[in-house]
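*Asks:* As input, take final_39.txt (compact mmCIF, C-alpha atoms):
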# COMPACT_ATOMS: atom_id res chain seq x y z
CA MET X 1 50.33 72.69 104.94
CA LYS X 2 49.52 70.75 108.08
CA ASN X 3 48.79 72.43 111.36
CA ILE X 4 51.87 73.04 113.44
CA ASN X 5 51.83 73.58 117.16
CA LEU X 6 55.11 75.27 117.96
CA ASN X 7 54.75 74.48 121.65
CA ASN X 8 54.86 70.77 120.96
CA GLU X 9 56.97 70.71 117.86
CA LYS X 10 60.53 71.85 117.85
CA ILE X 11 61.89 73.18 114.56
CA GLU X 12 65.63 73.80 114.63
CA SER X 13 66.92 77.06 113.23
CA GLY X 14 69.13 75.16 110.77
CA PHE X 15 72.10 77.47 111.29
CA LYS X 16 75.49 75.78 111.08
CA VAL X 17 79.02 77.07 111.56
CA PRO X 18 82.17 76.21 109.57
CA GLU X 19 84.23 73.43 111.10
CA GLY X 20 86.57 74.58 113.85
CA TYR X 21 85.03 78.05 113.76
CA PHE X 22 84.78 78.57 117.52
CA GLU X 23 88.35 77.42 118.17
CA GLN X 24 89.58 79.84 115.51
CA PHE X 25 87.39 82.62 116.80
CA GLU X 26 88.67 82.17 120.32
CA SER X 27 92.34 82.36 119.33
CA LYS X 28 91.64 85.26 116.95
CA MET X 29 89.99 87.23 119.76
CA LEU X 30 92.72 86.41 122.28
CA ASN X 31 95.41 87.50 119.81
CA GLN X 32 93.57 90.70 119.13
CA LEU X 33 93.36 91.25 122.84
CA VAL X 34 97.12 90.92 123.26
CA VAL X 35 97.69 93.25 120.30
CA GLU X 36 95.24 95.75 121.72
CA LYS X 37 96.86 95.71 125.11
CA GLU X 38 100.49 95.95 123.97
CA PRO X 39 100.39 99.09 121.81
CA LYS X 40 99.18 101.03 124.82
CA VAL X 41 102.60 100.54 126.41
CA ILE X 42 104.46 101.08 123.15
CA SER X 43 102.40 104.05 122.10
CA LEU X 44 103.22 105.90 125.34
CA TRP X 45 106.91 105.30 124.73
CA GLN X 46 106.58 106.26 121.09
CA ASN X 47 104.78 109.45 122.05
CA LYS X 48 107.53 110.26 124.48
CA ARG X 49 110.13 109.71 121.78
CA VAL X 50 108.23 111.79 119.27
CA TRP X 51 107.96 114.60 121.79
CA MET X 52 111.61 114.45 122.76
CA THR X 53 112.69 114.36 119.12
CA SER X 54 110.45 117.29 118.27
CA ILE X 55 111.79 119.35 121.16
CA ALA X 56 115.37 118.50 120.18
CA ALA X 57 114.65 119.43 116.56
CA VAL X 58 113.08 122.76 117.54
CA LEU X 59 116.01 123.56 119.80
CA LEU X 60 118.51 122.63 117.13
CA VAL X 61 116.80 124.77 114.50
CA SER X 62 116.35 127.72 116.83
CA ILE X 63 120.04 127.65 117.72
CA ALA X 64 121.39 126.79 114.30
CA LEU X 65 119.36 129.28 112.23
CA PRO X 66 120.54 132.50 113.93
CA VAL X 67 124.11 131.17 113.94
CA TYR X 68 123.87 130.32 110.24
CA PHE X 69 122.45 133.72 109.32
CA SER X 70 124.90 135.65 111.44
CA MET X 71 127.75 133.69 109.83
CA ASN X 72 126.40 134.51 106.40
CA ASP X 73 125.97 138.12 107.42
CA THR X 74 129.58 138.41 108.58
CA THR X 75 130.87 136.97 105.34
CA THR X 76 129.02 139.40 103.11
CA HIS X 77 129.73 142.20 105.52
CA THR X 78 133.45 141.43 105.57
CA ASN X 79 133.56 141.35 101.78
CA THR X 80 131.99 144.79 101.49
CA VAL X 81 134.24 146.16 104.11
CA GLU X 82 137.23 144.67 102.36
CA ASP X 83 136.35 146.29 99.04
CA GLU X 84 135.74 149.58 100.70
CA THR X 85 138.93 149.39 102.68
CA ILE X 86 140.93 148.68 99.58
CA GLU X 87 139.36 151.59 97.74
CA THR X 88 139.97 153.94 100.63
CA TYR X 89 143.50 152.66 101.00
CA LEU X 90 144.24 153.15 97.34
CA ALA X 91 142.73 156.62 97.30
CA MET X 92 144.44 157.80 100.45
CA GLN X 93 147.81 156.07 100.05
CA PRO X 94 150.22 158.85 99.09
CA THR X 95 153.17 156.50 98.46
CA MET X 96 151.27 154.55 95.82
CA THR X 97 152.52 155.69 92.44
CA ASN X 98 150.65 155.60 89.16
CA TYR X 99 153.04 152.93 88.05
CA GLU X 100 152.18 150.73 91.00
CA ILE X 101 148.49 151.14 90.29
CA ALA X 102 149.11 150.36 86.62
CA THR X 103 150.83 147.09 87.46
CA GLU X 104 147.65 145.98 89.22
CA LEU X 105 145.47 146.67 86.20
CA THR X 106 144.95 144.18 83.37
CA ASN X 107 144.62 144.84 79.63
CA GLU X 108 140.86 144.56 79.90
CA ASP X 109 140.90 147.21 82.59
CA PHE X 110 142.80 149.54 80.28
CA ALA X 111 140.45 148.89 77.41
CA SER X 112 137.41 149.67 79.50
CA LEU X 113 139.09 152.72 80.95
CA GLU X 114 139.85 154.04 77.47
CA GLU X 115 136.28 153.53 76.49
CA SER X 116 134.78 155.19 79.50
CA LEU X 117 137.17 158.13 79.55
CA ALA X 118 136.68 158.98 75.85
CA LEU X 119 139.92 160.91 75.58
CA ASN X 120 140.31 163.42 72.79
CA ASP X 121 143.49 164.95 71.46
CA ASP X 122 142.81 168.40 72.92
CA ALA X 123 142.48 167.06 76.40
CA VAL X 124 145.68 165.07 76.06
CA GLU X 125 147.59 168.12 74.82
CA LEU X 126 146.24 170.24 77.63
CA TYR X 127 147.23 167.65 80.14
CA LEU X 128 150.72 167.33 78.76
CA GLU X 129 151.25 171.09 78.64
CA GLU X 130 150.24 171.47 82.24
CA ASN X 131 152.17 168.56 83.64
CA TYR X 132 155.31 168.23 81.67
CA GLN X 133 157.90 170.95 81.11
CA ASN X 134 160.05 169.13 78.62
CA ILE X 135 157.24 168.30 76.22
CA ASP X 136 159.71 168.45 73.36
CA LEU X 137 161.15 165.24 74.57
CA TYR X 138 157.91 163.47 73.88
CA LEU X 139 157.42 165.24 70.55
CA ASN X 140 160.73 163.92 69.35
CA GLU X 141 159.71 160.39 69.86
CA MET J 1 78.55 81.77 136.69
CA GLN J 2 79.72 80.58 140.13
CA ASP J 3 80.84 83.77 141.77
CA GLU J 4 80.28 86.73 139.51
CA LYS J 5 81.90 89.29 141.81
CA ALA J 6 85.12 87.31 142.01
CA PHE J 7 85.07 86.80 138.26
CA LEU J 8 84.56 90.50 137.63
CA SER J 9 87.56 91.38 139.76
CA GLU J 10 89.59 88.81 137.81
CA LEU J 11 88.50 90.57 134.62
CA SER J 12 89.70 93.96 135.81
CA ASN J 13 92.97 92.75 137.33
CA PRO J 14 95.72 92.97 134.65
CA LYS J 15 97.38 89.81 135.99
CA THR J 16 94.33 87.57 135.74
CA GLN J 17 92.59 89.45 132.94
CA ASN J 18 93.75 87.25 130.06
CA ASP J 19 92.67 84.01 131.65
CA ALA J 20 89.38 85.54 132.67
CA PHE J 21 88.70 86.74 129.13
CA LYS J 22 89.53 83.31 127.82
CA LYS J 23 86.99 81.83 130.21
CA LEU J 24 84.45 84.43 129.14
CA LEU J 25 85.00 83.54 125.48
CA GLU J 26 84.71 79.82 126.11
CA LEU J 27 81.48 80.26 128.02
CA TYR J 28 79.71 82.80 125.85
CA GLN J 29 80.97 82.70 122.28
CA LYS J 30 78.59 79.91 121.28
CA PRO J 31 75.34 81.20 122.79
CA LEU J 32 76.16 84.75 121.68
CA TYR J 33 77.01 83.54 118.18
CA PHE J 34 73.62 81.88 117.77
CA HIS J 35 71.85 84.82 119.37
CA ILE J 36 73.42 87.12 116.76
CA ARG J 37 73.00 84.62 113.94
CA ASN J 38 69.27 84.41 114.67
CA ILE J 39 69.04 88.15 114.13
CA VAL J 40 71.43 88.76 111.19
CA LEU J 41 71.00 85.25 109.62
CA ASN J 42 74.24 85.19 107.59
CA HIS J 43 77.38 83.53 108.99
CA ASP J 44 79.95 86.13 107.83
CA ASP J 45 77.89 88.99 109.19
CA THR J 46 77.49 87.10 112.45
CA ASP J 47 81.25 86.68 112.65
CA ASP J 48 81.73 90.45 112.30
CA VAL J 49 79.07 91.31 114.84
CA LEU J 50 80.35 88.71 117.32
CA GLN J 51 83.83 90.21 117.08
CA ASN J 52 82.52 93.71 117.67
CA THR J 53 80.49 92.43 120.59
CA PHE J 54 83.51 90.89 122.33
CA ILE J 55 85.66 93.93 121.63
CA LYS J 56 82.99 96.07 123.29
CA VAL J 57 82.76 93.65 126.19
CA PHE J 58 86.54 93.66 126.67
CA SER J 59 86.92 97.39 126.49
CA ASN J 60 83.90 98.19 128.67
CA VAL J 61 84.03 95.50 131.31
CA LYS J 62 85.98 97.82 133.63
CA ASN J 63 82.97 100.16 133.59
CA PHE J 64 80.54 97.33 134.24
CA LYS J 65 79.11 98.03 137.66
CA GLY J 66 77.29 94.77 138.22
CA ASP J 67 73.82 96.36 138.18
CA SER J 68 72.71 93.42 136.09
CA LYS J 69 74.21 89.99 135.56
CA LEU J 70 77.26 89.79 133.32
CA TYR J 71 75.65 87.46 130.77
CA SER J 72 72.57 89.68 130.37
CA TRP J 73 74.83 92.70 129.88
CA MET J 74 76.70 90.79 127.15
CA TYR J 75 73.47 89.66 125.51
CA ARG J 76 72.31 93.29 125.50
CA ILE J 77 75.52 94.37 123.75
CA ALA J 78 75.16 91.54 121.21
CA THR J 79 71.50 92.46 120.55
CA ASN J 80 72.29 96.15 120.09
CA GLU J 81 75.25 95.40 117.87
CA SER J 82 73.13 93.10 115.68
CA LEU J 83 70.27 95.57 115.30
CA THR J 84 72.69 98.43 114.59
CA PHE J 85 74.42 96.26 112.01
CA LEU J 86 71.14 95.58 110.20
CA GLN J 87 70.21 99.27 110.26
CA GLN J 88 73.57 100.25 108.80
CA LYS J 89 73.25 97.59 106.14
CA ALA J 90 69.81 98.89 105.20
CA LYS J 91 71.06 102.48 105.13
CA LYS J 92 74.04 101.57 102.99
CA SER J 93 71.95 99.82 100.35
CA GLY J 94 69.15 102.38 100.61
CA ILE J 95 66.44 99.86 101.50
CA SER J 96 64.24 99.25 104.56
CA ASN J 97 65.12 96.94 107.47
CA GLU J 98 62.39 94.54 106.36
CA GLU J 99 63.81 94.34 102.87
CA VAL J 100 67.26 93.58 104.29
CA GLN J 101 65.75 90.74 106.30
CA ASN J 102 63.78 89.36 103.35
CA LYS J 103 66.91 89.45 101.22
CA ALA J 104 68.86 87.60 103.92
CA ILE J 105 66.14 84.93 104.11
CA ASN J 106 66.20 84.46 100.34
CA ASN J 107 69.97 84.12 100.50
CA LEU J 108 69.61 81.32 103.07
CA GLU J 109 68.55 78.93 100.34
CA SER J 110 72.02 79.04 98.85
CA ASP J 111 73.85 79.45 102.18
CA VAL J 112 76.27 76.57 102.78
CA TYR J 113 75.99 77.14 106.51
CA PHE J 114 72.22 76.78 106.54
CA GLU J 115 71.03 73.21 106.68
CA GLY J 116 67.40 73.95 106.49
CA ASP J 117 64.66 72.29 104.55
CA GLU J 118 61.42 73.83 103.42
CA ILE J 119 59.83 74.10 106.83
CA GLN J 120 62.81 75.91 108.35
CA LEU J 121 62.87 78.42 105.54
CA LYS J 122 59.16 78.94 105.91
CA LEU J 123 59.58 79.47 109.63
CA GLN J 124 62.13 82.24 108.94
CA LYS J 125 59.70 83.87 106.52
CA ALA J 126 56.96 83.66 109.13
CA ILE J 127 59.17 85.28 111.78
CA ALA J 128 59.98 88.11 109.36
CA ILE J 129 56.37 89.30 109.36
CA LEU J 130 56.50 90.00 113.12
CA PRO J 131 57.44 93.37 114.65
CA GLU J 132 61.10 93.58 115.68
CA LYS J 133 60.55 93.11 119.41
CA GLN J 134 58.26 90.09 118.92
CA GLN J 135 60.85 88.57 116.60
CA LEU J 136 63.50 88.91 119.29
CA VAL J 137 61.27 87.41 121.96
CA PHE J 138 60.32 84.49 119.75
CA LYS J 139 63.88 83.71 118.67
CA MET J 140 65.26 83.93 122.19
CA LYS J 141 62.55 81.69 123.61
CA TYR J 142 62.03 79.22 120.78
CA PHE J 143 65.51 78.78 119.29
CA GLU J 144 67.80 79.82 122.14
CA GLU J 145 65.56 78.44 124.88
CA LEU J 146 66.33 81.24 127.31
CA LYS J 147 64.25 81.54 130.48
CA TYR J 148 61.72 84.38 130.73
CA GLU J 149 63.63 85.73 133.74
CA GLU J 150 66.83 85.90 131.71
CA MET J 151 65.07 87.50 128.76
CA SER J 152 63.48 89.98 131.13
CA GLU J 153 66.92 91.19 132.22
CA ILE J 154 68.31 91.29 128.70
CA LEU J 155 65.37 93.06 127.06
CA ASP J 156 64.44 95.10 130.11
CA THR J 157 60.81 93.95 129.85
CA SER J 158 58.60 92.33 132.48
CA VAL J 159 58.16 88.55 132.43
CA GLY J 160 54.39 89.01 131.96
CA ALA J 161 54.85 91.19 128.90
CA LEU J 162 57.35 88.72 127.44
CA LYS J 163 54.96 85.79 127.92
CA ALA J 164 52.18 87.71 126.20
CA SER J 165 54.51 88.74 123.38
CA TYR J 166 55.68 85.18 122.85
CA HIS J 167 52.13 83.86 122.85
CA ILE J 168 51.06 86.36 120.16
CA ALA J 169 54.19 85.62 118.13
CA THR J 170 53.61 81.84 118.09
CA LYS J 171 49.96 82.30 117.11
CA LYS J 172 50.90 84.56 114.20
CA ILE J 173 53.61 82.17 113.02
CA GLU J 174 51.36 79.11 113.25
CA GLU J 175 48.77 81.01 111.27
CA PHE J 176 51.34 81.94 108.62
CA LEU J 177 52.61 78.36 108.33
CA LYS J 178 49.05 77.05 107.97
CA SER J 179 48.04 79.45 105.25
CA ASN J 180 51.24 79.42 103.21
As a first step, turn the structure in this file into structure tokens.
*Replies:*
Amino acid sequence: MKNINLNNEKIESGFKVPEGYFEQFESKMLNQLVVEKEPKVISLWQNKRVWMTSIAAVLLVSIALPVYFSMNDTTTHTNTVEDETIETYLAMQPTMTNYEIATELTNEDFASLEESLALNDDAVELYLEENYQNIDLYLNE
Amino acid sequence: MQDEKAFLSELSNPKTQNDAFKKLLELYQKPLYFHIRNIVLNHDDTDDVLQNTFIKVFSNVKNFKGDSKLYSWMYRIATNESLTFLQQKAKKSGISNEEVQNKAINNLESDVYFEGDEIQLKLQKAIAILPEKQQLVFKMKYFEELKYEEMSEILDTSVGALKASYHIATKKIEEFLKSN
């Protein structure tokens, strides 16, 4: 290869760019700049909205949850009380006759009562002797 | 640039900022592109680095105190971005910086945006044997035709040291071209 004196001889770098590259680059950068500047404004607003929504949500939940649970509590509580009240009422009500109680009971109730009481003939006889004077009346039937 | 102080205040004023940035792009995109291209060699990589450079310039110009000239500050950013880019590329592919450069030179032969003949390719190979700083000095002086005073500001090196560095670089390259 021949001697080259770089101080006298200029060799170009040979680097080329695609056509219209700098025009495209300029508009790409300027667009990016606008995009970069705008979200700052939007993001502040968005943050504010996120914060306000979160606070509202927390408030809503903190108010609604105790209300919901206390409502639920009352319902179950009332039910229990109701059952108890009825039982007490039935037990203590002197005007309530056996017949009246019997009208409230269904056939299934009787069946389960019979099962659980396990009546035997001796007990029935004893009961009848103690409670009914005119037992003969029953015997006739 | 005519009045740098006035231009800097235009850059930091939200009302005039956009026009000022446009002016900055028009003035510097070309020289900065070729400055970066001389270091990273490939067009697509240059495009990436040039973008990063301008993004850095835009986002940091408000902190620019005018200790140095605006153009030398921008050239410094472009130089750092290019060198960092090459280091990251080397790290990613697990090879040395020199190997990355040699690979890039080999790729130039098939690069559609490189209109170089044999001598230009050989010149790139010759530059690649120089230490990094000498490469920079040579490229900035020989290809970009910057003044020593400008290079001194950009590279933070005395004019005397730059002249010496350039002299050594040209001798080494001429030697390489003669023997290869």
*Asks:* Could you check which of J:Val112, J:Met140, J:Leu146, J:Ala164 is closest to chain X, using only C-alpha atoms?
*Replies:* J:Val112
*Asks:* Taking all atoms listed in the file into account, report as an MDAnalysis selection string which residues of chain X lie within 12 Å of chain J.
*Replies:* chainID X and resid 1:19 21:34 36:37
*Asks:* List as a PyMOL selection string: which residues have an atom within 12 Å of (57.9, 96.5, 120.9), counting only C-alpha atoms?
*Replies:* chain J and resi 130-137+155-157+161-162+164-166+169
*Asks:* Tell me, in Å to one decimal, how far atom CA of Asn131 of chain X is from atom CA of Tyr99 of chain X.
*Replies:*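 If I compute the distance from atom CA of Asn131 of chain X to atom CA of Tyr99 of chain X, I get 16.3 Å.
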*Asks:* Atom CA of Asn107 of chain J and atom CA of Val49 of chain J, how far apart in Å?
*Replies:*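 Separation between atom CA of Val49 of chain J and atom CA of Asn107 of chain J: 18.4 Å.
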*Asks:* I'd like the neighbourhood of Leu70 of chain J as a list in words, where a residue qualifies if any of its atoms comes within 12 Å (using all atoms listed in the file), though same-chain residues fewer than 4 positions away should be ignored.
*Replies:*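 Listed by chain and then number, they are Met1, Gln2, Asp3, Glu4, Lys5, Ala6, Phe7, Leu8, Leu11, Leu24, Leu27, Tyr28, Val57, Asn60, Val61, Lys62, Asn63, Phe64, Lys65, Gly66, Met74, Tyr75, Arg76, Ile77, Glu150, Glu153 and Ile154 of chain J.
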*Asks:* Hey, which of J:Lys92, J:Lys147, J:Lys69, J:Lys122 ends up closest to Phe176 of chain J? Count only C-alpha atoms.
*Replies:*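 Answer, going by the shortest atom-to-atom distance: J:Lys122.
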*Asks:* Find the distance between atom CA of Ile36 of chain J and atom CA of Asn52 of chain J and write it in Å to one decimal.
*Replies:*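 Atom-to-atom, atom CA of Ile36 of chain J to atom CA of Asn52 of chain J, that is 11.3 Å.
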*Asks:* Give the answer as one residue: which of J:Val40, J:Lys125, J:Ile168, J:Ser9 has the shortest atom-to-atom distance to Asn97 of chain J, using all atoms listed in the file?
*Replies:*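 Ranked by minimum distance to Asn97 of chain J, first place goes to J:Val40.
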